[in-house]
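One structure is given below, encoded as structure tokens.
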Amino acid sequence: MTGIIADIQRASVHDGPGIRTTVFFKGCPLNCAWCHNPECISFQPEMMQYPEKCIGCGHCDEGCFSGAKVLCGRSMTVCALMEQILLDRDYYFDNGGVTFSGGEPLAQKEFLKAVIADCKSEGIHIAIESSLFFFDEEVFSQTDYVMADLKIWDNDIHKQYTGVENVRIKENLLRLNELSVPIEIRTPVIPEIEQGISAISTFAHSLKNVVRYTLLPYHPLGNAKRKALGMPEDGFSVPSAEKMKELEKYVFLR
């Protein structure tokens with residue numbers, strides 16, 4: 001069995017508890033206008049081009065040695081991915097582990113299930129970052145921590161900026177809340193959009209298994225990657241420190 005993996009990031013401290021290996025699955029059913037991982041939206045391998053890194057060596061056909069052309073997306077077997085995950089096991093200690101991110105891991109559900117089964121057999125802590133557009137009880141019941149994005153409260157505004165409605169996302173959060181897995185709900189803060197953060201925070205408070213509600217300030221990191229993919233910049237701005245301070249009242253940790 002194979003899956004399409006965009007990247008593997010080691011020693012991550014921002015994708016769940018402890019030190020983690022983050023595996024980025026390629027492909028996502030959402031197309032968020034501000035996405036900071038635009039290379040993970042398409043399910044197909046893509047060439048990312050950074051002409052400023054070209055050294056004019058003339059050996060493009062042999063592979064780019066300077067990083068001017070980077071292929072994003074490679075087919076990996078379960079065994080090959082597990083080999084990469086196990087390389088970092090000595091750094092996980094008591095609370096670290098592997099995080100499956102993307103893109104959307106559950107868009108490659110059967111491959112994800114197979115990797116989770118192997119991780120469980122190795123005693124590795126498993127976290128998933130998900131839009132919750134998809135839901136699979138078997139996957140989530142085997143997961144130790146879920147980071148779920150609820151980006152915009154209003155259904156119509158959500159569809160305008162992500163390409164999909166959020167009704168099923170809210171329903172899937174309610175379904176996830178019935179399982180015994182800790183949930184962190186996260187919202188990226190985009191100053192140009194009316195996101196309904198107060199309503200999202202109230203909803204998060206009402207769910208017994210939500211242990212944390214987090215606000216993530218928009219970061220323009222994705223624009224360099226959008227340019228490398230031949231896409232226009234997203235046009236959003238970083239929220240001010242004052243804006244983030246104002247929103248702190250909606251954040252909580254149980």
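In the structure tokens, the first chain shown is A, the next is B, and so on; residue numbers restart at 1 for each chain, and ligands run from 1 in the order shown.
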Legend entry - Contact residues around Asp156 (chain A) with only C-alpha atoms at 8 Å, ignoring same-chain residues under 3 positions, as a ChimeraX atom specification: /A:159-160,165
Legend entry - Nearby residues (only C-alpha atoms) at most 9 Å from Phe135 (chain A), same-chain spacing under 6 positions excluded, as JSON, numbers by chain: {"A": [106, 169, 172, 173, 175, 176]}
Legend entry - Contact residues around region 46-58 of chain A with only C-alpha atoms at 7 Å, ignoring same-chain residues under 5 positions, as an MDAnalysis selection string: chainID A and resid 66:73 228:229
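Minimum distance to Lys249 (chain A) across A:Thr202, A:Phe133, A:Asp144, A:Arg186 (counting only C-alpha atoms) occurs at A:Thr202.
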Would you list the contacts of His14 (chain A) as a compact mmCIF listing (two decimals) with N, CA, C and O atoms, in the first residue's frame, taking every protein, DNA or RNA residue within 12 Å and counting only C-alpha atoms, but skipping same-chain residues closer than 4 positions in sequence?
```
# COMPACT_ATOMS: atom_id res chain seq x y z
N GLN A 9 8.76 16.46 8.41
CA GLN A 9 9.48 17.46 9.20
C GLN A 9 9.87 16.85 10.54
O GLN A 9 9.03 16.33 11.27
N ARG A 10 11.13 16.95 10.88
CA ARG A 10 11.64 16.35 12.12
C ARG A 10 11.78 17.38 13.23
O ARG A 10 11.88 18.57 12.98
N GLY A 18 5.13 17.65 22.99
CA GLY A 18 6.48 17.11 22.92
C GLY A 18 7.18 17.33 21.60
O GLY A 18 6.78 18.16 20.78
N ILE A 19 8.24 16.57 21.38
CA ILE A 19 9.01 16.61 20.13
C ILE A 19 8.41 15.59 19.17
O ILE A 19 8.23 14.43 19.52
N ARG A 20 8.14 16.04 17.93
CA ARG A 20 7.38 15.19 17.05
C ARG A 20 7.98 15.13 15.64
O ARG A 20 8.68 16.05 15.20
N THR A 21 7.66 14.06 14.96
CA THR A 21 7.90 13.94 13.53
C THR A 21 6.57 14.22 12.84
O THR A 21 5.58 13.54 13.10
N THR A 22 6.54 15.25 12.00
CA THR A 22 5.30 15.62 11.32
C THR A 22 5.34 15.14 9.88
O THR A 22 6.25 15.48 9.13
N GLY A 96 6.24 12.91 23.24
CA GLY A 96 6.38 13.19 21.82
C GLY A 96 5.84 12.04 20.98
O GLY A 96 5.27 11.08 21.49
N VAL A 98 4.48 11.02 16.64
CA VAL A 98 4.29 11.36 15.23
C VAL A 98 2.98 12.12 15.06
O VAL A 98 1.98 11.83 15.74
N THR A 99 2.99 13.12 14.19
CA THR A 99 1.78 13.86 13.84
C THR A 99 1.53 13.73 12.36
O THR A 99 2.42 13.98 11.54
N SER A 101 -0.29 15.24 9.29
CA SER A 101 -0.82 16.54 8.92
C SER A 101 -1.00 16.60 7.41
O SER A 101 -1.04 15.58 6.74
N ALA A 127 -0.75 11.78 16.84
CA ALA A 127 -1.60 12.96 16.75
C ALA A 127 -1.99 13.17 15.29
O ALA A 127 -1.25 12.79 14.38
N GLU A 129 -3.61 16.25 12.65
CA GLU A 129 -4.11 17.58 12.33
C GLU A 129 -5.10 17.42 11.18
O GLU A 129 -4.75 16.89 10.13
N MET A 147 -5.86 17.64 16.59
CA MET A 147 -5.90 19.09 16.39
C MET A 147 -6.85 19.36 15.22
O MET A 147 -6.53 19.03 14.07
N THR A 214 -7.19 27.25 20.53
CA THR A 214 -5.99 28.00 20.17
C THR A 214 -6.27 28.91 18.98
O THR A 214 -6.96 28.52 18.04
N LEU A 216 -4.31 30.96 15.99
CA LEU A 216 -3.04 30.98 15.27
C LEU A 216 -3.00 32.20 14.35
O LEU A 216 -3.77 32.28 13.40
```
Inset, instruction - Would you kindly return, as a PyMOL selection string, each protein, DNA or RNA residue with an atom no farther than 12 Å from any atom of Val189 (chain A), considering only C-alpha atoms and excluding same-chain residues fewer than 2 positions away? - result: chain A and resi 34-35+149-152+186-187+191-197+214-219+236-241+243-248
Using the selection just defined, write its residues with C-alpha atoms as a PDB file, in the first residue's frame.
```
ATOM      1  CA  TRP A  34      -4.797  31.811   3.099  1.00  0.00           C
ATOM      2  CA  CYS A  35      -3.354  28.268   3.136  1.00  0.00           C
ATOM      3  CA  ASP A 149      -9.453  23.354  12.622  1.00  0.00           C
ATOM      4  CA  LEU A 150     -12.677  25.328  12.801  1.00  0.00           C
ATOM      5  CA  LYS A 151     -11.721  28.313  10.709  1.00  0.00           C
ATOM      6  CA  ILE A 152     -14.955  30.305  10.303  1.00  0.00           C
ATOM      7  CA  ARG A 186      -7.698  25.841  16.368  1.00  0.00           C
ATOM      8  CA  THR A 187      -8.611  28.921  14.362  1.00  0.00           C
ATOM      9  CA  PRO A 191      -7.944  40.113   9.951  1.00  0.00           C
ATOM     10  CA  GLU A 192      -9.779  40.583   6.632  1.00  0.00           C
ATOM     11  CA  ILE A 193     -12.419  37.934   7.404  1.00  0.00           C
ATOM     12  CA  GLU A 194     -15.327  37.955   9.860  1.00  0.00           C
ATOM     13  CA  GLN A 195     -14.630  34.574  11.454  1.00  0.00           C
ATOM     14  CA  GLY A 196     -16.985  34.528  14.445  1.00  0.00           C
ATOM     15  CA  ILE A 197     -14.242  33.640  16.913  1.00  0.00           C
ATOM     16  CA  THR A 214      -5.989  27.999  20.166  1.00  0.00           C
ATOM     17  CA  LEU A 215      -5.774  31.043  17.913  1.00  0.00           C
ATOM     18  CA  LEU A 216      -3.038  30.975  15.267  1.00  0.00           C
ATOM     19  CA  PRO A 217      -2.084  34.340  13.748  1.00  0.00           C
ATOM     20  CA  TYR A 218      -1.966  34.294   9.955  1.00  0.00           C
ATOM     21  CA  HIS A 219       1.568  33.963   8.608  1.00  0.00           C
ATOM     22  CA  PHE A 236      -4.029  38.704   3.573  1.00  0.00           C
ATOM     23  CA  SER A 237      -2.223  40.524   6.378  1.00  0.00           C
ATOM     24  CA  VAL A 238      -0.646  39.504   9.669  1.00  0.00           C
ATOM     25  CA  PRO A 239      -2.857  40.400  12.655  1.00  0.00           C
ATOM     26  CA  SER A 240      -1.389  43.057  14.928  1.00  0.00           C
ATOM     27  CA  ALA A 241      -0.211  42.311  18.453  1.00  0.00           C
ATOM     28  CA  LYS A 243      -5.585  42.304  17.687  1.00  0.00           C
ATOM     29  CA  MET A 244      -4.204  39.069  19.135  1.00  0.00           C
ATOM     30  CA  LYS A 245      -4.280  40.572  22.644  1.00  0.00           C
ATOM     31  CA  GLU A 246      -7.921  41.526  22.141  1.00  0.00           C
ATOM     32  CA  LEU A 247      -8.773  37.938  21.159  1.00  0.00           C
ATOM     33  CA  GLU A 248      -6.943  36.313  24.084  1.00  0.00           C
TER      34      GLU A 248
END
```
Legend entry - Filtered DSSP result for region 9-248 of chain A, state strand (DSSP E or B), as an MDAnalysis selection string: chainID A and resid 9:12 20:25 46:49 69:72 74:77 97:101 125:130 145:149 183:189 210:217
Inset, instruction - Write out as a ChimeraX atom specification the residues lying within 8 Å of Met76 (chain A), counting only C-alpha atoms and excluding same-chain residues fewer than 4 positions away. - result: /A:2-5,80-81
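For region 199-201 of chain A, the list of residues within 7 Å, based on only C-alpha atoms and with local chain neighbours fewer than 3 positions off taken out, reads Trp153, Gly196, Ala204, His205, Tyr213 and Tyr250 of chain A.
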